[in-house]
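The next block holds one structure in the form of structure tokens; read it before the comments.
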Amino acid sequence: MELVRASGLVKRFGERAAVNRVDVALDAGECLAVLGPNGAGKSTLLRMIASLLRPDEGSVAVCGHDLASAAGRARARIGYLGHDPLVYLDLTARQNLELYADLYGLDQPRERGDAALAGVGLLARSFDPVRTFSRGMAQRLGIARALLHEPSLLLLDEPYAGLDAAGTRLLDGVLGDLAPGRGAVMITHEVERGVALAGRVLVLRAGRPVLAESLAGAEGPAFRRRYEELVA
């Protein structure tokens, strides 16, 4: 099953093309690592796939839904996690997940929320406001939020930033053993982690793709040296 089909994506801010003629294809069961230096266009690309930005040129389809005409249907299949866990600080952990469950129209929101909290090791903190959480705990709650509706496509923008050890192990497990029918696009500055977890890589430099290939058999240190040459 094809989860992402993006063709000829261009996004300009003023006269600068932040993303310039980028293609992305992702099938179920695949994890794609998007690498590149700061300002390469990685987050802009991810936001276009998430339907948070409209491309100036090109097209994107997620789970068969063209974002130009059916973005709402596509969003229901996406789980998004970035630097910000996208949870409400003054709500409890349980209230946050019940709210998102309601927004997604899920049955049994409390039960689903409690199961998700247990999955990220936060069930004992269900009734605590998120503002009392450590950064790592809040990011673990963000993982629970992103997975709550069992999305087909995970879009992850530096998801390891601020994660504690428990959250890192959890996310490694999610990406290392993708649920049936699920795929992931992950932006990361951790090149060797990307090589270890992803099956394919897309490297951007100044908005343009400079490498797109399989990582089968690739070794982290060797690929890092190659990557540094590409983006120098």
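By order in the structure tokens, chains are A, B, ...; within a chain, residues start at 1; ligands start at 1, following the order shown.
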For this session: Fewer than 6 positions away in the same chain doesn't count, so skip those; otherwise give me all residues within 7 Å of stretch 84-94 of chain A, counting only C-alpha atoms, as an MDAnalysis selection string.
Result: chainID A and resid 113:114 126:131 138:139 142
For this session: Please provide as a ChimeraX atom specification all residues within 6 Å of stretch 218-220 of chain A, with the sequence filter that same-chain residues fewer than 3 positions apart are discarded (counting only C-alpha atoms).
Result: /A:192,195,215,223
Contacts of A:Pro159 at 10 Å or less, counting only C-alpha atoms, minus same-chain residues fewer than 6 places along, as a PDB file with all heavy atoms, in the first residue's frame?
ATOM      1  N   TYR A  80       1.427  12.926  13.846  1.00  0.00           N
ATOM      2  CA  TYR A  80       2.508  13.907  13.705  1.00  0.00           C
ATOM      3  C   TYR A  80       3.155  14.163  15.061  1.00  0.00           C
ATOM      4  O   TYR A  80       2.465  14.394  16.050  1.00  0.00           O
ATOM      5  CB  TYR A  80       1.941  15.212  13.143  1.00  0.00           C
ATOM      6  CG  TYR A  80       2.977  16.282  12.843  1.00  0.00           C
ATOM      7  CD1 TYR A  80       3.562  16.371  11.593  1.00  0.00           C
ATOM      8  CD2 TYR A  80       3.353  17.195  13.829  1.00  0.00           C
ATOM      9  CE1 TYR A  80       4.508  17.357  11.321  1.00  0.00           C
ATOM     10  CE2 TYR A  80       4.303  18.175  13.574  1.00  0.00           C
ATOM     11  CZ  TYR A  80       4.875  18.245  12.314  1.00  0.00           C
ATOM     12  OH  TYR A  80       5.808  19.211  12.046  1.00  0.00           O
ATOM     13  N   LEU A  81       4.482  14.126  15.079  1.00  0.00           N
ATOM     14  CA  LEU A  81       5.219  14.431  16.309  1.00  0.00           C
ATOM     15  C   LEU A  81       6.438  15.264  15.955  1.00  0.00           C
ATOM     16  O   LEU A  81       7.250  14.858  15.121  1.00  0.00           O
ATOM     17  CB  LEU A  81       5.656  13.147  17.026  1.00  0.00           C
ATOM     18  CG  LEU A  81       6.434  13.342  18.332  1.00  0.00           C
ATOM     19  CD1 LEU A  81       5.550  13.974  19.395  1.00  0.00           C
ATOM     20  CD2 LEU A  81       6.997  12.023  18.834  1.00  0.00           C
ATOM     21  N   GLY A  82       6.558  16.420  16.572  1.00  0.00           N
ATOM     22  CA  GLY A  82       7.711  17.281  16.339  1.00  0.00           C
ATOM     23  C   GLY A  82       8.411  17.619  17.629  1.00  0.00           C
ATOM     24  O   GLY A  82       8.319  16.905  18.629  1.00  0.00           O
ATOM     25  N   HIS A  83       9.130  18.766  17.636  1.00  0.00           N
ATOM     26  CA  HIS A  83       9.843  19.203  18.841  1.00  0.00           C
ATOM     27  C   HIS A  83       8.856  19.460  19.976  1.00  0.00           C
ATOM     28  O   HIS A  83       9.147  19.220  21.142  1.00  0.00           O
ATOM     29  CB  HIS A  83      10.607  20.503  18.561  1.00  0.00           C
ATOM     30  CG  HIS A  83      11.422  20.479  17.309  1.00  0.00           C
ATOM     31  ND1 HIS A  83      12.671  19.903  17.256  1.00  0.00           N
ATOM     32  CD2 HIS A  83      11.178  20.954  16.070  1.00  0.00           C
ATOM     33  CE1 HIS A  83      13.146  20.036  16.040  1.00  0.00           C
ATOM     34  NE2 HIS A  83      12.267  20.665  15.288  1.00  0.00           N
ATOM     35  N   ASP A  84       7.691  19.986  19.622  1.00  0.00           N
ATOM     36  CA  ASP A  84       6.643  20.288  20.589  1.00  0.00           C
ATOM     37  C   ASP A  84       5.695  19.092  20.658  1.00  0.00           C
ATOM     38  O   ASP A  84       5.201  18.634  19.618  1.00  0.00           O
ATOM     39  CB  ASP A  84       5.879  21.534  20.139  1.00  0.00           C
ATOM     40  CG  ASP A  84       4.892  22.039  21.182  1.00  0.00           C
ATOM     41  OD1 ASP A  84       4.291  21.211  21.890  1.00  0.00           O
ATOM     42  OD2 ASP A  84       4.707  23.259  21.263  1.00  0.00           O
ATOM     43  N   PRO A  85       5.424  18.558  21.856  1.00  0.00           N
ATOM     44  CA  PRO A  85       4.547  17.386  21.945  1.00  0.00           C
ATOM     45  C   PRO A  85       3.091  17.678  21.597  1.00  0.00           C
ATOM     46  O   PRO A  85       2.291  16.759  21.468  1.00  0.00           O
ATOM     47  CB  PRO A  85       4.680  16.941  23.402  1.00  0.00           C
ATOM     48  CG  PRO A  85       5.143  18.155  24.143  1.00  0.00           C
ATOM     49  CD  PRO A  85       5.984  18.928  23.175  1.00  0.00           C
ATOM     50  N   GLN A 139       7.185  14.656  26.195  1.00  0.00           N
ATOM     51  CA  GLN A 139       7.408  14.137  24.847  1.00  0.00           C
ATOM     52  C   GLN A 139       6.869  12.712  24.725  1.00  0.00           C
ATOM     53  O   GLN A 139       6.347  12.324  23.674  1.00  0.00           O
ATOM     54  CB  GLN A 139       8.899  14.188  24.504  1.00  0.00           C
ATOM     55  CG  GLN A 139       9.207  14.005  23.026  1.00  0.00           C
ATOM     56  CD  GLN A 139       8.828  15.193  22.161  1.00  0.00           C
ATOM     57  OE1 GLN A 139       8.138  16.107  22.604  1.00  0.00           O
ATOM     58  NE2 GLN A 139       9.270  15.187  20.921  1.00  0.00           N
ATOM     59  N   ARG A 140       6.965  11.934  25.813  1.00  0.00           N
ATOM     60  CA  ARG A 140       6.344  10.600  25.786  1.00  0.00           C
ATOM     61  C   ARG A 140       4.829  10.710  25.642  1.00  0.00           C
ATOM     62  O   ARG A 140       4.204   9.918  24.935  1.00  0.00           O
ATOM     63  CB  ARG A 140       6.692   9.824  27.055  1.00  0.00           C
ATOM     64  CG  ARG A 140       7.989   9.054  26.947  1.00  0.00           C
ATOM     65  CD  ARG A 140       8.128   8.099  28.107  1.00  0.00           C
ATOM     66  NE  ARG A 140       8.660   8.736  29.295  1.00  0.00           N
ATOM     67  CZ  ARG A 140       8.393   8.374  30.535  1.00  0.00           C
ATOM     68  NH1 ARG A 140       7.542   7.395  30.770  1.00  0.00           N
ATOM     69  NH2 ARG A 140       8.942   9.005  31.556  1.00  0.00           N
ATOM     70  N   GLY A 142       3.414  13.073  24.063  1.00  0.00           N
ATOM     71  CA  GLY A 142       3.259  13.407  22.649  1.00  0.00           C
ATOM     72  C   GLY A 142       3.278  12.170  21.764  1.00  0.00           C
ATOM     73  O   GLY A 142       2.544  12.098  20.772  1.00  0.00           O
ATOM     74  N   ILE A 143       4.092  11.192  22.106  1.00  0.00           N
ATOM     75  CA  ILE A 143       4.104   9.931  21.352  1.00  0.00           C
ATOM     76  C   ILE A 143       2.754   9.233  21.497  1.00  0.00           C
ATOM     77  O   ILE A 143       2.184   8.740  20.518  1.00  0.00           O
ATOM     78  CB  ILE A 143       5.242   9.009  21.840  1.00  0.00           C
ATOM     79  CG1 ILE A 143       6.611   9.636  21.521  1.00  0.00           C
ATOM     80  CG2 ILE A 143       5.137   7.632  21.200  1.00  0.00           C
ATOM     81  CD1 ILE A 143       7.776   8.871  22.113  1.00  0.00           C
ATOM     82  N   GLY A 167      11.487   7.029  26.755  1.00  0.00           N
ATOM     83  CA  GLY A 167      10.868   7.439  25.502  1.00  0.00           C
ATOM     84  C   GLY A 167      11.694   7.050  24.295  1.00  0.00           C
ATOM     85  O   GLY A 167      11.160   6.681  23.247  1.00  0.00           O
ATOM     86  N   THR A 168      13.020   7.134  24.430  1.00  0.00           N
ATOM     87  CA  THR A 168      13.906   6.736  23.336  1.00  0.00           C
ATOM     88  C   THR A 168      13.738   5.264  23.019  1.00  0.00           C
ATOM     89  O   THR A 168      13.636   4.874  21.852  1.00  0.00           O
ATOM     90  CB  THR A 168      15.371   7.047  23.697  1.00  0.00           C
ATOM     91  OG1 THR A 168      15.524   8.467  23.835  1.00  0.00           O
ATOM     92  CG2 THR A 168      16.320   6.551  22.626  1.00  0.00           C
ATOM     93  N   LEU A 171      10.316   4.797  21.248  1.00  0.00           N
ATOM     94  CA  LEU A 171      10.270   5.234  19.852  1.00  0.00           C
ATOM     95  C   LEU A 171      11.139   4.357  18.966  1.00  0.00           C
ATOM     96  O   LEU A 171      10.767   4.056  17.822  1.00  0.00           O
ATOM     97  CB  LEU A 171      10.698   6.696  19.752  1.00  0.00           C
ATOM     98  CG  LEU A 171      10.395   7.402  18.439  1.00  0.00           C
ATOM     99  CD1 LEU A 171       8.932   7.269  18.038  1.00  0.00           C
ATOM    100  CD2 LEU A 171      10.778   8.877  18.535  1.00  0.00           C
ATOM    101  N   MET A 186      10.841  10.289   8.926  1.00  0.00           N
ATOM    102  CA  MET A 186      11.487  10.854  10.114  1.00  0.00           C
ATOM    103  C   MET A 186      12.596  11.815   9.719  1.00  0.00           C
ATOM    104  O   MET A 186      13.523  11.450   8.993  1.00  0.00           O
ATOM    105  CB  MET A 186      12.077   9.744  10.988  1.00  0.00           C
ATOM    106  CG  MET A 186      12.865  10.261  12.187  1.00  0.00           C
ATOM    107  SD  MET A 186      13.517   8.953  13.275  1.00  0.00           S
ATOM    108  CE  MET A 186      14.644   8.105  12.163  1.00  0.00           C
ATOM    109  N   ILE A 187      12.494  13.038  10.204  1.00  0.00           N
ATOM    110  CA  ILE A 187      13.590  13.998  10.110  1.00  0.00           C
ATOM    111  C   ILE A 187      14.455  13.830  11.339  1.00  0.00           C
ATOM    112  O   ILE A 187      13.957  13.787  12.464  1.00  0.00           O
ATOM    113  CB  ILE A 187      13.060  15.435  10.047  1.00  0.00           C
ATOM    114  CG1 ILE A 187      12.334  15.686   8.730  1.00  0.00           C
ATOM    115  CG2 ILE A 187      14.185  16.442  10.231  1.00  0.00           C
ATOM    116  CD1 ILE A 187      11.636  17.009   8.676  1.00  0.00           C
ATOM    117  N   THR A 188      15.756  13.719  11.132  1.00  0.00           N
ATOM    118  CA  THR A 188      16.654  13.607  12.271  1.00  0.00           C
ATOM    119  C   THR A 188      18.017  14.166  11.907  1.00  0.00           C
ATOM    120  O   THR A 188      18.453  14.082  10.760  1.00  0.00           O
ATOM    121  CB  THR A 188      16.790  12.148  12.744  1.00  0.00           C
ATOM    122  OG1 THR A 188      17.690  12.091  13.857  1.00  0.00           O
ATOM    123  CG2 THR A 188      17.305  11.230  11.637  1.00  0.00           C
TER     124      THR A 188
END
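Using only C-alpha atoms, the smallest distance between any of A:Ala232, A:Leu154, A:Ala166, A:Ala216 and A:Gly79 comes from A:Leu154.
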For this session: Could you give me the residues within stretch 83-191 of chain A that DSSP places in strand (DSSP E), as a ChimeraX atom specification?
Result: /A:153-157,183-187
Considering only C-alpha atoms, return as an mmCIF file with C-alpha atoms, in the first residue's frame whatever protein or nucleic-acid residues lie within 8 Å of A:Pro180, sequence-local ones (same chain, fewer than 2 positions apart) excluded.
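Ended up saving to part_35.cif:
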data_model
loop_
_atom_site.group_PDB
_atom_site.id
_atom_site.type_symbol
_atom_site.label_atom_id
_atom_site.label_comp_id
_atom_site.auth_asym_id
_atom_site.auth_seq_id
_atom_site.Cartn_x
_atom_site.Cartn_y
_atom_site.Cartn_z
ATOM 1 C CA ALA A 28 3.529 0.627 4.124
ATOM 2 C CA GLY A 29 6.208 -1.031 6.214
ATOM 3 C CA LEU A 178 6.382 -0.842 12.348
ATOM 4 C CA ARG A 182 2.106 1.675 8.908
#
Problem set entry | Residue contacts of stretch 46-62 of chain A (10 Å, only C-alpha atoms) excluding same-chain residues fewer than 5 positions away, as a PyMOL selection string | chain A and resi 2-13+17+19-26+34+41+67-75+77-80+152-157+185-187
Problem set entry | Gap from atom CA of A:Gly183 to atom CA of A:Ala18 - Å, one decimal | 24.9 Å
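Note that the spacing between atom CA of A:Gly207 and atom CA of A:Val231 amounts to 11.4 Å.
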Exercise. Near A:Gly199, counting only C-alpha atoms, which residues have an atom at most 9 Å away, once you skip same-chain residues fewer than 3 positions from it, shown as a PyMOL selection string?
Worked result: chain A and resi 30-33+194-196+213-216
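Atom CA of A:Ala118 to atom CA of A:Ala161 spans 21.7 Å [interatomic distance, one decimal].
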For this session: Return the single residue from A:Ala222, A:Leu123, A:Ala206, A:Gly217 that is closest to A:Gly39, with distances computed using only C-alpha atoms.
Result: A:Ala206
For this session: Excluding A:Glu228 and any residue of its chain fewer than 5 positions from it, enumerate the residues within 12 Å of it, using only C-alpha atoms, and give them as a ChimeraX atom specification.
Result: /A:35-37,189,191,203-205,210-211,221-223
With C-alpha atoms retained, export the selected residues as a PDB file, in the first residue's frame.
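Dumped everything to again.pdb:
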ATOM      1  CA  LEU A  35      18.623  14.171   6.519  1.00  0.00           C
ATOM      2  CA  GLY A  36      20.322  17.474   5.808  1.00  0.00           C
ATOM      3  CA  PRO A  37      21.917  20.483   7.490  1.00  0.00           C
ATOM      4  CA  HIS A 189      20.073  15.190  12.702  1.00  0.00           C
ATOM      5  CA  VAL A 191      22.655  10.331  11.048  1.00  0.00           C
ATOM      6  CA  VAL A 203      19.303  13.843   1.846  1.00  0.00           C
ATOM      7  CA  LEU A 204      18.475  17.505   1.173  1.00  0.00           C
ATOM      8  CA  ARG A 205      20.883  20.365   0.656  1.00  0.00           C
ATOM      9  CA  VAL A 210      21.258  15.219  -3.313  1.00  0.00           C
ATOM     10  CA  LEU A 211      20.732  11.560  -2.415  1.00  0.00           C
ATOM     11  CA  PRO A 221      29.939   5.556  10.498  1.00  0.00           C
ATOM     12  CA  ALA A 222      30.607   4.927   6.797  1.00  0.00           C
ATOM     13  CA  PHE A 223      27.347   6.555   5.768  1.00  0.00           C
TER      14      PHE A 223
END
